[in-house]
>>> print(open('coords12.csv').read())   # CSV, C-alpha atoms
chain,number,residue,atom,x,y,z
A,618,MET,CA,-3.0,-55.0,-74.3
A,619,ARG,CA,0.1,-52.9,-75.2
A,620,ASP,CA,3.0,-54.6,-76.9
A,621,TRP,CA,5.4,-53.0,-74.4
A,622,PHE,CA,3.9,-54.5,-71.3
A,623,THR,CA,6.4,-56.7,-69.5
A,624,THR,CA,5.9,-60.4,-68.7
A,625,GLU,CA,5.0,-59.5,-65.1
A,626,GLN,CA,2.4,-56.9,-66.2
A,627,GLN,CA,0.8,-59.3,-68.7
A,628,LEU,CA,0.7,-62.1,-66.1
A,629,VAL,CA,-1.1,-59.9,-63.6
A,630,VAL,CA,-3.7,-58.8,-66.1
A,631,HIS,CA,-4.2,-62.4,-67.4
A,632,LEU,CA,-4.7,-63.8,-63.9
A,633,LEU,CA,-7.1,-60.9,-63.1
A,634,ARG,CA,-9.2,-61.8,-66.2
A,635,CYS,CA,-9.1,-65.5,-65.1
A,636,SER,CA,-10.2,-64.6,-61.6
A,637,LEU,CA,-13.2,-62.7,-63.0
A,638,GLY,CA,-14.1,-65.6,-65.3
A,639,TYR,CA,-13.2,-63.8,-68.5
A,640,ASP,CA,-10.2,-66.0,-69.5
A,641,GLY,CA,-9.1,-69.5,-68.9
A,642,PRO,CA,-5.5,-70.6,-68.2
A,643,GLN,CA,-3.4,-70.3,-71.3
A,644,VAL,CA,-0.7,-72.9,-72.0
A,645,HIS,CA,1.8,-70.4,-73.4
A,646,PHE,CA,1.9,-68.6,-70.1
A,647,HIS,CA,3.1,-71.7,-68.3
A,648,SER,CA,6.3,-71.7,-70.3
A,649,GLU,CA,6.9,-68.1,-69.4
A,650,LEU,CA,6.6,-68.5,-65.6
A,651,GLU,CA,10.3,-69.3,-65.3
A,652,GLN,CA,11.1,-65.8,-66.7
A,653,VAL,CA,9.0,-63.9,-64.2
A,654,ASP,CA,10.5,-61.6,-61.7
A,655,TRP,CA,8.3,-62.6,-58.8
A,656,ASP,CA,9.2,-59.7,-56.6
A,657,CYS,CA,8.1,-57.4,-59.4
A,658,PHE,CA,5.0,-59.4,-59.9
A,659,ILE,CA,4.0,-59.1,-56.2
A,660,ARG,CA,4.7,-55.3,-56.3
A,661,ILE,CA,2.4,-54.8,-59.3
A,662,ALA,CA,-0.4,-56.9,-57.9
A,663,SER,CA,-0.1,-55.2,-54.5
A,664,HIS,CA,0.1,-51.7,-56.0
A,665,HIS,CA,-3.0,-52.3,-58.1
A,666,CYS,CA,-5.0,-53.7,-55.1
A,667,VAL,CA,-6.0,-56.9,-56.9
A,668,ILE,CA,-4.6,-59.5,-54.6
A,669,LEU,CA,-8.0,-60.2,-53.1
A,670,LEU,CA,-9.2,-61.2,-56.5
A,671,LEU,CA,-6.1,-63.2,-57.5
A,672,PHE,CA,-5.5,-65.2,-54.4
A,673,PRO,CA,-8.8,-67.1,-54.2
A,674,TYR,CA,-8.6,-67.9,-57.9
A,675,LEU,CA,-5.0,-69.2,-57.5
A,676,CYS,CA,-6.1,-71.4,-54.6
A,677,ARG,CA,-8.9,-72.9,-56.7
A,678,ASP,CA,-7.2,-73.4,-60.0
A,679,GLN,CA,-4.7,-76.3,-60.0
A,680,GLU,CA,-3.4,-75.5,-63.5
A,681,VAL,CA,-1.7,-72.3,-62.4
A,682,ARG,CA,0.9,-72.9,-59.7
A,683,LEU,CA,2.9,-69.9,-58.5
A,684,PRO,CA,5.9,-70.1,-56.2
A,685,LYS,CA,5.2,-70.7,-52.5
A,686,ALA,CA,6.7,-67.3,-51.6
A,687,VAL,CA,4.2,-65.5,-53.8
A,688,MET,CA,1.3,-67.4,-52.4
A,689,ALA,CA,2.4,-66.8,-48.9
A,690,ALA,CA,2.7,-63.0,-49.6
A,691,PHE,CA,-0.8,-63.0,-51.2
A,692,GLU,CA,-2.2,-65.0,-48.2
A,693,LYS,CA,-0.8,-62.5,-45.7
A,694,VAL,CA,-2.3,-59.6,-47.6
A,695,THR,CA,-5.7,-61.4,-47.9
A,696,ILE,CA,-5.9,-62.2,-44.2
A,697,GLY,CA,-5.0,-58.6,-43.3
A,698,GLN,CA,-7.6,-57.2,-45.7
A,699,ILE,CA,-10.3,-59.5,-44.5
A,700,ALA,CA,-9.7,-58.5,-40.9
A,701,LEU,CA,-9.7,-54.8,-41.8
A,702,GLY,CA,-12.9,-55.3,-43.9
A,703,LEU,CA,-14.7,-56.8,-40.9
A,704,SER,CA,-13.7,-53.9,-38.7
A,705,HIS,CA,-14.6,-51.3,-41.4
A,706,THR,CA,-18.0,-53.0,-42.1
A,707,GLN,CA,-19.1,-52.6,-38.5
A,708,GLU,CA,-17.8,-49.0,-38.4
A,709,LEU,CA,-19.6,-48.1,-41.7
A,710,LYS,CA,-22.9,-49.6,-40.4
A,711,GLN,CA,-22.6,-47.4,-37.3
A,712,ILE,CA,-21.9,-44.3,-39.5
A,713,VAL,CA,-24.9,-45.0,-41.8
A,714,HIS,CA,-27.3,-45.7,-38.9
A,715,THR,CA,-26.2,-42.4,-37.2
A,716,LEU,CA,-26.5,-40.2,-40.3
A,717,THR,CA,-29.8,-41.8,-41.2
A,718,ALA,CA,-31.2,-41.3,-37.8
A,719,GLN,CA,-30.5,-37.6,-38.1
A,720,HIS,CA,-32.2,-37.5,-41.5
A,721,HIS,CA,-29.1,-36.5,-43.4
A,722,ARG,CA,-29.0,-37.0,-47.2
A,723,PHE,CA,-25.8,-38.8,-48.2
A,724,PHE,CA,-24.3,-41.4,-50.5
A,725,VAL,CA,-21.5,-43.8,-49.8
A,726,HIS,CA,-18.8,-44.2,-52.5
A,727,LYS,CA,-16.6,-47.2,-53.3
A,728,GLY,CA,-15.2,-49.4,-50.6
A,729,ILE,CA,-17.3,-52.0,-48.9
A,730,ALA,CA,-20.6,-50.7,-50.3
A,731,LEU,CA,-19.3,-51.0,-53.9
A,732,ALA,CA,-18.0,-54.5,-53.2
A,733,ALA,CA,-21.4,-55.6,-52.0
A,734,GLN,CA,-23.0,-54.0,-55.0
A,735,ILE,CA,-21.0,-55.5,-57.9
A,736,TYR,CA,-18.2,-57.9,-56.7
A,737,PRO,CA,-18.5,-61.7,-56.5
A,738,GLU,CA,-17.8,-61.5,-52.7
A,739,LEU,CA,-17.7,-58.8,-50.1
A,740,GLN,CA,-14.1,-59.7,-49.5
A,741,SER,CA,-13.2,-59.5,-53.2
A,742,ARG,CA,-12.4,-55.8,-53.1
A,743,PRO,CA,-10.1,-53.9,-50.5
A,744,CYS,CA,-12.2,-51.9,-48.1
A,745,GLY,CA,-9.8,-48.9,-48.6
A,746,SER,CA,-8.3,-46.7,-45.9
A,747,ASP,CA,-11.3,-44.5,-45.4
A,748,PHE,CA,-15.0,-44.0,-45.9
A,749,ASP,CA,-16.0,-41.8,-48.8
A,750,ILE,CA,-19.3,-40.1,-48.1
A,751,TYR,CA,-20.9,-37.6,-50.5
A,752,ILE,CA,-23.1,-34.9,-48.9
A,753,LYS,CA,-24.8,-31.7,-49.9
A,754,ARG,CA,-22.6,-28.6,-49.3
A,755,GLN,CA,-25.2,-26.9,-47.2
A,756,ASP,CA,-25.3,-29.9,-44.9
A,757,GLU,CA,-21.6,-30.0,-44.2
A,758,GLY,CA,-21.7,-28.4,-40.7
A,759,ALA,CA,-24.6,-30.5,-39.5
A,760,VAL,CA,-23.0,-33.8,-40.8
A,761,ILE,CA,-19.7,-32.9,-39.1
A,762,GLN,CA,-21.5,-32.3,-35.8
A,763,THR,CA,-23.3,-35.7,-36.1
A,764,LEU,CA,-20.1,-37.6,-36.9
A,765,ALA,CA,-18.5,-35.8,-33.8
A,766,THR,CA,-20.9,-37.9,-31.6
A,767,LEU,CA,-19.1,-41.0,-32.9
A,768,GLY,CA,-15.7,-39.6,-32.1
A,769,TYR,CA,-14.8,-38.1,-35.6
A,770,GLY,CA,-13.1,-34.7,-35.8
A,771,ILE,CA,-10.9,-32.5,-37.9
A,772,GLU,CA,-7.2,-32.8,-36.7
A,773,ASN,CA,-5.6,-30.1,-38.9
A,774,LYS,CA,-8.1,-27.3,-39.5
A,775,ALA,CA,-5.8,-25.2,-41.6
A,776,TYR,CA,-5.0,-28.0,-44.0
A,777,GLU,CA,-8.6,-29.1,-44.3
A,778,ARG,CA,-9.6,-25.5,-45.2
A,779,ILE,CA,-7.2,-25.7,-48.1
A,780,ASN,CA,-8.3,-29.2,-49.0
A,781,LYS,CA,-11.9,-28.2,-49.0
A,782,LYS,CA,-11.3,-25.0,-51.1
A,783,TYR,CA,-9.4,-26.9,-53.9
A,784,THR,CA,-10.9,-30.4,-53.8
A,785,GLY,CA,-14.3,-30.1,-52.2
A,786,GLU,CA,-13.2,-32.7,-49.6
A,787,ILE,CA,-12.9,-32.7,-45.8
A,788,SER,CA,-11.2,-35.5,-43.8
A,789,LEU,CA,-12.5,-36.4,-40.3
A,790,ILE,CA,-10.4,-38.7,-38.1
A,791,LYS,CA,-11.4,-41.1,-35.3
A,792,ARG,CA,-8.8,-42.9,-33.1
A,793,THR,CA,-9.8,-45.8,-30.9
A,794,GLY,CA,-6.9,-47.6,-29.4
A,795,THR,CA,-4.7,-49.1,-32.2
A,796,LYS,CA,-7.4,-48.4,-34.8
A,797,THR,CA,-7.8,-45.2,-36.9
A,798,TYR,CA,-10.8,-44.5,-39.0
A,799,THR,CA,-11.1,-41.7,-41.6
A,800,VAL,CA,-14.3,-40.3,-43.1
A,801,ASP,CA,-13.7,-38.2,-46.3
A,802,LEU,CA,-16.7,-36.0,-46.7
A,803,HIS,CA,-17.2,-35.0,-50.4
A,804,VAL,CA,-19.0,-31.8,-51.0
A,805,GLU,CA,-18.3,-31.9,-54.7
A,806,PHE,CA,-19.5,-34.6,-57.1
A,807,ALA,CA,-15.9,-35.7,-57.8
A,808,ALA,CA,-13.5,-34.4,-55.1
A,809,ASP,CA,-10.5,-33.5,-57.1
A,810,ALA,CA,-9.2,-30.1,-58.1
A,811,TRP,CA,-9.0,-30.7,-61.9
A,812,ALA,CA,-12.5,-32.1,-61.9
A,813,ARG,CA,-13.8,-28.9,-60.4
A,814,VAL,CA,-12.2,-26.7,-63.0
A,815,THR,CA,-14.0,-28.6,-65.8
A,816,GLY,CA,-17.3,-27.3,-64.3
A,817,PHE,CA,-18.7,-30.8,-64.0
A,818,ASP,CA,-22.3,-30.5,-62.8
A,819,MET,CA,-24.8,-33.3,-62.1
A,820,GLN,CA,-27.3,-32.2,-59.6
A,821,ASP,CA,-30.3,-34.4,-60.4
A,822,HIS,CA,-28.7,-37.5,-58.8
A,823,TRP,CA,-30.0,-36.4,-55.4
A,824,GLN,CA,-33.5,-37.2,-56.6
A,825,LYS,CA,-32.7,-40.8,-57.4
A,826,PRO,CA,-31.0,-42.6,-54.5
A,827,ALA,CA,-30.3,-46.3,-54.7
A,828,PHE,CA,-29.4,-48.8,-51.9
A,829,VAL,CA,-27.3,-51.9,-51.4
A,830,ASP,CA,-27.5,-54.2,-48.4
A,831,VAL,CA,-24.3,-54.6,-46.4
A,832,ALA,CA,-24.6,-57.1,-43.5
A,833,GLY,CA,-28.2,-56.1,-42.9
A,834,THR,CA,-27.8,-52.4,-43.3
A,835,ARG,CA,-29.2,-50.4,-46.3
A,836,ILE,CA,-26.4,-48.3,-47.7
A,837,PRO,CA,-27.4,-45.4,-50.0
A,838,HIS,CA,-25.4,-44.9,-53.2
A,839,LEU,CA,-25.6,-43.1,-56.5
A,840,ALA,CA,-27.9,-44.1,-59.3
A,841,VAL,CA,-26.5,-45.8,-62.4
A,842,LYS,CA,-25.5,-42.8,-64.6
A,843,PRO,CA,-23.9,-40.6,-62.0
A,844,TYR,CA,-22.1,-43.6,-60.4
A,845,LEU,CA,-20.7,-44.5,-63.9
A,846,PHE,CA,-19.2,-41.0,-64.1
A,847,PHE,CA,-18.0,-41.1,-60.6
A,848,LEU,CA,-16.1,-44.4,-61.3
A,849,ALA,CA,-14.6,-42.9,-64.4
A,850,PHE,CA,-13.5,-39.9,-62.4
A,851,HIS,CA,-12.0,-42.2,-59.9
A,852,CYS,CA,-9.9,-44.0,-62.6
A,853,ALA,CA,-8.6,-40.6,-63.7
A,854,ASN,CA,-8.0,-39.4,-60.1
A,855,HIS,CA,-5.6,-42.3,-59.7
A,856,GLN,CA,-3.9,-41.4,-63.0
A,857,PHE,CA,-5.3,-44.5,-64.7
A,858,ASP,CA,-2.8,-46.3,-62.5
A,859,LYS,CA,-5.0,-48.7,-60.4
A,860,LEU,CA,-6.3,-51.9,-61.9
A,861,ILE,CA,-8.9,-52.1,-59.1
A,862,THR,CA,-10.5,-48.9,-60.4
A,863,PHE,CA,-10.9,-50.5,-63.8
A,864,CYS,CA,-12.4,-53.6,-62.2
A,865,ASP,CA,-14.9,-51.3,-60.5
A,866,LEU,CA,-15.9,-49.8,-63.8
A,867,ASP,CA,-15.9,-53.1,-65.7
A,868,LEU,CA,-18.1,-54.9,-63.1
A,869,PHE,CA,-20.4,-51.9,-62.8
A,870,ILE,CA,-21.0,-51.8,-66.6
A,871,ARG,CA,-21.6,-55.5,-66.8
A,872,LYS,CA,-24.1,-55.5,-64.0
A,873,TYR,CA,-26.0,-52.5,-65.3
A,874,ALA,CA,-25.6,-53.0,-69.0
A,875,GLU,CA,-29.4,-52.9,-69.6
A,876,ASP,CA,-29.8,-49.7,-67.6
A,877,ILE,CA,-27.0,-47.7,-69.3
A,878,ASP,CA,-28.1,-45.3,-72.0
A,879,TRP,CA,-24.8,-44.8,-73.8
A,880,GLU,CA,-26.2,-42.0,-76.0
A,881,ASP,CA,-27.2,-40.1,-72.9
A,882,VAL,CA,-23.8,-40.8,-71.3
A,883,VAL,CA,-22.0,-39.4,-74.3
A,884,ILE,CA,-24.2,-36.2,-74.3
A,885,THR,CA,-23.6,-35.7,-70.6
A,886,ALA,CA,-19.9,-36.2,-71.0
A,887,LYS,CA,-19.7,-33.5,-73.7
A,888,LYS,CA,-22.0,-31.2,-71.9
A,889,ASN,CA,-19.8,-31.4,-68.8
A,890,ARG,CA,-16.5,-31.2,-70.7
A,891,SER,CA,-15.5,-34.7,-69.6
A,892,SER,CA,-15.4,-36.6,-72.9
A,893,LYS,CA,-11.7,-37.2,-72.9
A,894,LEU,CA,-11.8,-38.4,-69.3
A,895,LEU,CA,-14.6,-40.9,-70.1
A,896,PHE,CA,-12.9,-42.0,-73.3
A,897,TYR,CA,-9.7,-43.0,-71.6
A,898,ALA,CA,-11.4,-44.6,-68.6
A,899,LEU,CA,-13.6,-46.7,-70.8
A,900,LYS,CA,-10.8,-47.5,-73.3
A,901,TYR,CA,-8.3,-48.7,-70.7
A,902,THR,CA,-11.0,-50.7,-68.9
A,903,GLN,CA,-11.9,-52.4,-72.2
A,904,MET,CA,-8.2,-53.0,-73.0
A,905,TYR,CA,-7.7,-54.8,-69.7
A,906,LEU,CA,-11.0,-56.6,-69.1
A,907,GLN,CA,-12.8,-56.7,-72.5
A,908,THR,CA,-15.6,-54.6,-71.1
A,909,PRO,CA,-18.7,-54.6,-73.3
A,910,VAL,CA,-18.8,-50.9,-74.4
A,911,PRO,CA,-20.3,-50.1,-77.8
A,912,GLN,CA,-17.7,-49.1,-80.4
A,913,ASP,CA,-19.6,-46.0,-81.4
A,914,VAL,CA,-19.2,-44.6,-77.9
A,915,PHE,CA,-15.4,-44.5,-78.5
A,916,THR,CA,-16.0,-43.0,-81.9
A,917,LYS,CA,-18.0,-40.1,-80.5
A,918,LEU,CA,-15.7,-39.5,-77.6
A,919,LYS,CA,-12.3,-40.0,-79.2
A,920,PRO,CA,-9.9,-37.1,-78.8
A,921,ALA,CA,-7.8,-35.7,-81.7
A,922,PRO,CA,-4.8,-37.9,-82.8
A,923,TYR,CA,-2.2,-35.5,-81.4
A,924,HIS,CA,-3.9,-35.7,-78.0
A,925,VAL,CA,-3.8,-39.6,-78.0
A,926,PHE,CA,-0.1,-39.3,-79.0
A,927,LEU,CA,0.7,-36.9,-76.0
A,928,MET,CA,-1.0,-39.2,-73.4
A,929,PRO,CA,1.9,-40.6,-71.4
A,930,GLU,CA,0.7,-44.2,-71.3
A,931,LYS,CA,4.1,-45.8,-70.7
A,932,CYS,CA,4.5,-43.7,-67.6
A,933,LEU,CA,1.0,-44.4,-66.3
A,934,LEU,CA,-0.2,-47.9,-67.1
A,935,LEU,CA,0.5,-50.9,-64.9
A,936,ARG,CA,3.2,-49.2,-62.7
A,937,ASP,CA,4.5,-50.9,-59.6
A,938,SER,CA,4.6,-47.7,-57.6
A,939,PRO,CA,2.7,-44.3,-57.7
A,940,PRO,CA,3.5,-41.9,-60.5
A,941,PRO,CA,5.2,-38.6,-59.5
A,942,ASN,CA,2.9,-35.6,-58.9
A,943,SER,CA,4.3,-33.8,-61.9
A,944,MET,CA,3.0,-36.7,-64.1
A,945,LYS,CA,-0.3,-36.4,-62.4
A,946,ARG,CA,-0.6,-32.7,-63.2
A,947,ARG,CA,0.4,-33.3,-66.8
A,948,MET,CA,-2.2,-36.0,-67.3
A,949,HIS,CA,-5.0,-34.0,-65.7
A,950,LEU,CA,-4.3,-31.1,-68.0
A,951,LEU,CA,-4.5,-33.4,-71.0
A,952,LEU,CA,-8.0,-34.5,-70.0
A,953,LEU,CA,-9.4,-31.0,-70.1
A,954,ASP,CA,-11.9,-30.7,-73.1
A,955,ARG,CA,-11.5,-27.0,-73.7
A,956,PRO,CA,-8.1,-25.2,-74.0
A,957,ILE,CA,-9.6,-22.0,-72.5
A,958,VAL,CA,-10.0,-23.9,-69.2
A,959,LEU,CA,-6.2,-24.5,-69.2
A,960,ILE,CA,-5.4,-21.1,-67.6
A,961,LYS,CA,-7.9,-21.6,-64.9
A,962,SER,CA,-6.6,-25.1,-64.2
A,963,VAL,CA,-3.0,-24.0,-64.0
A,964,TYR,CA,-4.0,-21.2,-61.6
A,965,HIS,CA,-6.0,-23.7,-59.5
A,966,PHE,CA,-3.1,-26.2,-59.3
A,967,THR,CA,-0.5,-23.5,-58.5
A,968,SER,CA,-2.6,-21.9,-55.8
A,969,ARG,CA,-3.3,-25.1,-54.1
A,970,HIS,CA,0.4,-26.2,-54.2
A,971,VAL,CA,1.6,-22.8,-52.8
A,972,HIS,CA,-1.0,-22.9,-50.0
A,973,GLN,CA,0.0,-26.4,-49.0
A,974,THR,CA,3.7,-25.7,-49.2
A,975,VAL,CA,3.4,-22.5,-47.0
A,976,LEU,CA,1.3,-24.5,-44.5
A,977,LYS,CA,3.8,-27.3,-44.4
A,978,PHE,CA,6.8,-25.0,-43.6
A,979,THR,CA,4.7,-23.0,-41.1
A,980,ASN,CA,3.9,-26.2,-39.2
A,981,GLU,CA,7.6,-27.2,-39.2
>>> encode(input="coords12.csv", output="structure tokens")
Amino acid sequence: MRDWFTTEQQLVVHLLRCSLGYDGPQVHFHSELEQVDWDCFIRIASHHCVILLLFPYLCRDQEVRLPKAVMAAFEKVTIGQIALGLSHTQELKQIVHTLTAQHHRFFVHKGIALAAQIYPELQSRPCGSDFDIYIKRQDEGAVIQTLATLGYGIENKAYERINKKYTGEISLIKRTGTKTYTVDLHVEFAADAWARVTGFDMQDHWQKPAFVDVAGTRIPHLAVKPYLFFLAFHCANHQFDKLITFCDLDLFIRKYAEDIDWEDVVITAKKNRSSKLLFYALKYTQMYLQTPVPQDVFTKLKPAPYHVFLMPEKCLLLRDSPPPNSMKRRMHLLLLDRPIVLIKSVYHFTSRHVHQTVLKFTNE
């Protein structure tokens, strides 16, 4: 933990550890509860998407009693997320059955499938606002046609062309009454512009699919090593600003501890110019949740001291609102392993921003 974390930030992390069974209630925290800004505490817990983990623990544990207003706010979020999760589970099952029937190769990332794979309960993790499905680039057209039979379509073709060019991602929307479902098709391993400029390449994962059961449906997902990297990319994609992404990485590492070859992971990270990214993702996960990562992994991945100094931790960690885009761009550039890629990255970011800005004003 950082010594500059506020009482509210420390309390959220402490209760998160307790909810996962890593810590027990600490007496000294009880004396500090009177000093907590509870509105700030709720904002942090909500922004970091960990209420579904905190609320059941707080209901079970009689030693930690938070104000009724906090519990009421947590209960409201929990009920809403559970209802959304039930709806999304049925929709995901239909998507998987349809794609499978057409013999498409695909993996489902994050969301409900990840919750079923590594979390204590299916309702312990938010289902998210969309379905992330990773496909082969050459299958894109056929998959879009298949999803169209379920009512999914591209609403803004010009924007999606730009999004696909710079992020390798396409969003399909389905509207049914008051409900809206979104499928994000990923045609890159990690759908984010800065990840693409690093040249990250991991093609062999298509040969080793794995599956998890969700309400009687087999959901395909990445094998251990590529999924580990995907979750690390996901932490960075959220600017290391979401505790739930660190929970994903922590629970994944704990579950597959015997299957992770850390030496191979380090070699793959360096080969794909992602050692800084992996270092920070693992380091922050361990800081928050005491994740069992061998120390020599950090030794082999650690960036130069000046780089660690430049990392804007105080602006990124445990925020109660999203960081500005300017901070996102700065952090992404800091994660590039090779300075020579900087020029390409700046060009990539600038081109994408210009295209989106022109499109926005054109539409207006």
>>> closest_residue(input="coords12.csv", among="A:Thr834, A:Leu868, A:Lys753, A:Ala730", to="Pro909 (chain A)", atoms="only C-alpha atoms")
A:Leu868
>>> residues_around(input="coords12.csv", residues="Glu777 (chain A)", least_positions_apart="5", cutoff="9 Å", atoms="only C-alpha atoms", output="PyMOL selection string")
chain A and resi 771-772+782+786-788
>>> write_last_selection(input="coords12.csv", atoms="C-alpha atoms", output="compact mmCIF listing (two decimals), in the frame of the given file")
# COMPACT_ATOMS: atom_id res chain seq x y z
CA ILE A 771 -10.90 -32.50 -37.90
CA GLU A 772 -7.20 -32.80 -36.70
CA LYS A 782 -11.30 -25.00 -51.10
CA GLU A 786 -13.20 -32.70 -49.60
CA ILE A 787 -12.90 -32.70 -45.80
CA SER A 788 -11.20 -35.50 -43.80
>>> closest_residue(input="coords12.csv", among="A:Tyr901, A:Phe724, A:Phe846, A:Phe857", to="Gln824 (chain A)", atoms="all atoms listed in the file")
A:Phe724
>>> closest_residue(input="coords12.csv", among="A:Tyr923, A:Trp655, A:Phe723, A:Tyr776", to="Leu839 (chain A)", atoms="all atoms listed in the file")
A:Phe723
>>> closest_residue(input="coords12.csv", among="A:Ala886, A:Cys932, A:Leu802, A:Leu701", to="Asp954 (chain A)", atoms="only C-alpha atoms")
A:Ala886
>>> residues_around(input="coords12.csv", residues="Ala662 (chain A)", least_positions_apart="3", cutoff="12 Å", atoms="only C-alpha atoms", output="number ranges by chain")
A: 625-633, 655-659, 665-672, 687-688, 690-691, 694, 858-861, 935-938
>>> closest_residue(input="coords12.csv", among="A:Ile877, A:His714, A:Lys945, A:Pro673", to="Ile696 (chain A)", atoms="all atoms listed in the file")
A:Pro673
>>> atom_distance(input="coords12.csv", atom1="CA of Met904 (chain A)", atom2="CA of Cys864 (chain A)")
11.6 Å
>>> closest_residue(input="coords12.csv", among="A:Ala853, A:Val829, A:Leu952, A:Val653", to="Leu866 (chain A)", atoms="all atoms listed in the file")
A:Ala853
>>> residues_around(input="coords12.csv", residues="Arg754 (chain A)", least_positions_apart="3", cutoff="9 Å", atoms="only C-alpha atoms", output="list in words")
Glu757, Gly758, Gly785, His803, Val804 and Glu805 of chain A
>>> write_last_selection(input="coords12.csv", atoms="C-alpha atoms", output="PDB file, keeping the file's coordinate frame")
ATOM      1  CA  GLU A 757     -21.600 -30.000 -44.200  1.00  0.00           C
ATOM      2  CA  GLY A 758     -21.700 -28.400 -40.700  1.00  0.00           C
ATOM      3  CA  GLY A 785     -14.300 -30.100 -52.200  1.00  0.00           C
ATOM      4  CA  HIS A 803     -17.200 -35.000 -50.400  1.00  0.00           C
ATOM      5  CA  VAL A 804     -19.000 -31.800 -51.000  1.00  0.00           C
ATOM      6  CA  GLU A 805     -18.300 -31.900 -54.700  1.00  0.00           C
TER       7      GLU A 805
END
>>> atom_distance(input="coords12.csv", atom1="CA of Gln856 (chain A)", atom2="CA of Asp654 (chain A)")
24.8 Å
>>> atom_distance(input="coords12.csv", atom1="CA of Tyr844 (chain A)", atom2="CA of Ala827 (chain A)")
10.3 Å
>>> closest_atom_pairs(input="coords12.csv", of="region 810-913 of chain A", to="region 637-642 of chain A", cutoff="12 Å", atoms="only C-alpha atoms", output="Markdown table")
| residue | atom | partner | partner_atom | distance |
| --- | --- | --- | --- | --- |
| A:Cys864 | CA | A:Leu637 | CA | 9.2 |
| A:Asp865 | CA | A:Leu637 | CA | 11.8 |
| A:Asp867 | CA | A:Leu637 | CA | 10.3 |
| A:Leu868 | CA | A:Leu637 | CA | 9.2 |
| A:Arg871 | CA | A:Leu637 | CA | 11.7 |
| A:Tyr905 | CA | A:Tyr639 | CA | 10.6 |
| A:Leu906 | CA | A:Tyr639 | CA | 7.6 |
| A:Gln907 | CA | A:Tyr639 | CA | 8.2 |
| A:Thr908 | CA | A:Tyr639 | CA | 9.9 |
| A:Pro909 | CA | A:Tyr639 | CA | 11.7 |
>>> residues_around(input="coords12.csv", residues="Leu918 (chain A)", least_positions_apart="4", cutoff="10 Å", atoms="only C-alpha atoms", output="JSON list (two decimals) with C-alpha atoms, in the coordinates of the input")
[["chain", "number", "residue", "atom", "x", "y", "z"],
["A", 883, "VAL", "CA", -22.00, -39.40, -74.30],
["A", 884, "ILE", "CA", -24.20, -36.20, -74.30],
["A", 886, "ALA", "CA", -19.90, -36.20, -71.00],
["A", 887, "LYS", "CA", -19.70, -33.50, -73.70],
["A", 891, "SER", "CA", -15.50, -34.70, -69.60],
["A", 892, "SER", "CA", -15.40, -36.60, -72.90],
["A", 893, "LYS", "CA", -11.70, -37.20, -72.90],
["A", 894, "LEU", "CA", -11.80, -38.40, -69.30],
["A", 895, "LEU", "CA", -14.60, -40.90, -70.10],
["A", 896, "PHE", "CA", -12.90, -42.00, -73.30],
["A", 897, "TYR", "CA", -9.70, -43.00, -71.60],
["A", 913, "ASP", "CA", -19.60, -46.00, -81.40],
["A", 914, "VAL", "CA", -19.20, -44.60, -77.90]]
>>> residues_around(input="coords12.csv", residues="Leu767 (chain A)", least_positions_apart="3", cutoff="10 Å", atoms="all atoms listed in the file", output="list in words")
Glu708, Gln711, Ile712, Thr715, Gln762, Thr763, Leu764, Gly770 and Lys791 of chain A
>>> build_atoms(input="coords12.csv", residues="region 727-736 of chain A", atoms="N, CA and C atoms", output="PDB file, in the frame of the given file")
ATOM      1  N   LYS A 727     -17.688 -46.182 -53.253  1.00  0.00           N
ATOM      2  CA  LYS A 727     -16.600 -47.200 -53.300  1.00  0.00           C
ATOM      3  C   LYS A 727     -16.582 -48.083 -52.070  1.00  0.00           C
ATOM      4  N   GLY A 728     -15.394 -48.629 -51.784  1.00  0.00           N
ATOM      5  CA  GLY A 728     -15.200 -49.400 -50.600  1.00  0.00           C
ATOM      6  C   GLY A 728     -16.116 -50.619 -50.440  1.00  0.00           C
ATOM      7  N   ILE A 729     -16.508 -50.863 -49.204  1.00  0.00           N
ATOM      8  CA  ILE A 729     -17.300 -52.000 -48.900  1.00  0.00           C
ATOM      9  C   ILE A 729     -18.666 -52.000 -49.578  1.00  0.00           C
ATOM     10  N   ALA A 730     -19.283 -50.830 -49.659  1.00  0.00           N
ATOM     11  CA  ALA A 730     -20.600 -50.700 -50.300  1.00  0.00           C
ATOM     12  C   ALA A 730     -20.520 -51.114 -51.776  1.00  0.00           C
ATOM     13  N   LEU A 731     -19.480 -50.664 -52.466  1.00  0.00           N
ATOM     14  CA  LEU A 731     -19.300 -51.000 -53.900  1.00  0.00           C
ATOM     15  C   LEU A 731     -19.021 -52.493 -54.035  1.00  0.00           C
ATOM     16  N   ALA A 732     -18.244 -53.050 -53.112  1.00  0.00           N
ATOM     17  CA  ALA A 732     -18.000 -54.500 -53.200  1.00  0.00           C
ATOM     18  C   ALA A 732     -19.244 -55.299 -53.047  1.00  0.00           C
ATOM     19  N   ALA A 733     -20.118 -54.891 -52.129  1.00  0.00           N
ATOM     20  CA  ALA A 733     -21.400 -55.600 -52.000  1.00  0.00           C
ATOM     21  C   ALA A 733     -22.295 -55.424 -53.172  1.00  0.00           C
ATOM     22  N   GLN A 734     -22.137 -54.311 -53.857  1.00  0.00           N
ATOM     23  CA  GLN A 734     -23.000 -54.000 -55.000  1.00  0.00           C
ATOM     24  C   GLN A 734     -22.657 -54.770 -56.253  1.00  0.00           C
ATOM     25  N   ILE A 735     -21.365 -54.929 -56.557  1.00  0.00           N
ATOM     26  CA  ILE A 735     -21.000 -55.500 -57.900  1.00  0.00           C
ATOM     27  C   ILE A 735     -19.978 -56.614 -57.848  1.00  0.00           C
ATOM     28  N   TYR A 736     -19.285 -56.849 -56.745  1.00  0.00           N
ATOM     29  CA  TYR A 736     -18.200 -57.900 -56.700  1.00  0.00           C
ATOM     30  C   TYR A 736     -18.771 -59.242 -56.366  1.00  0.00           C
TER      31      TYR A 736
END
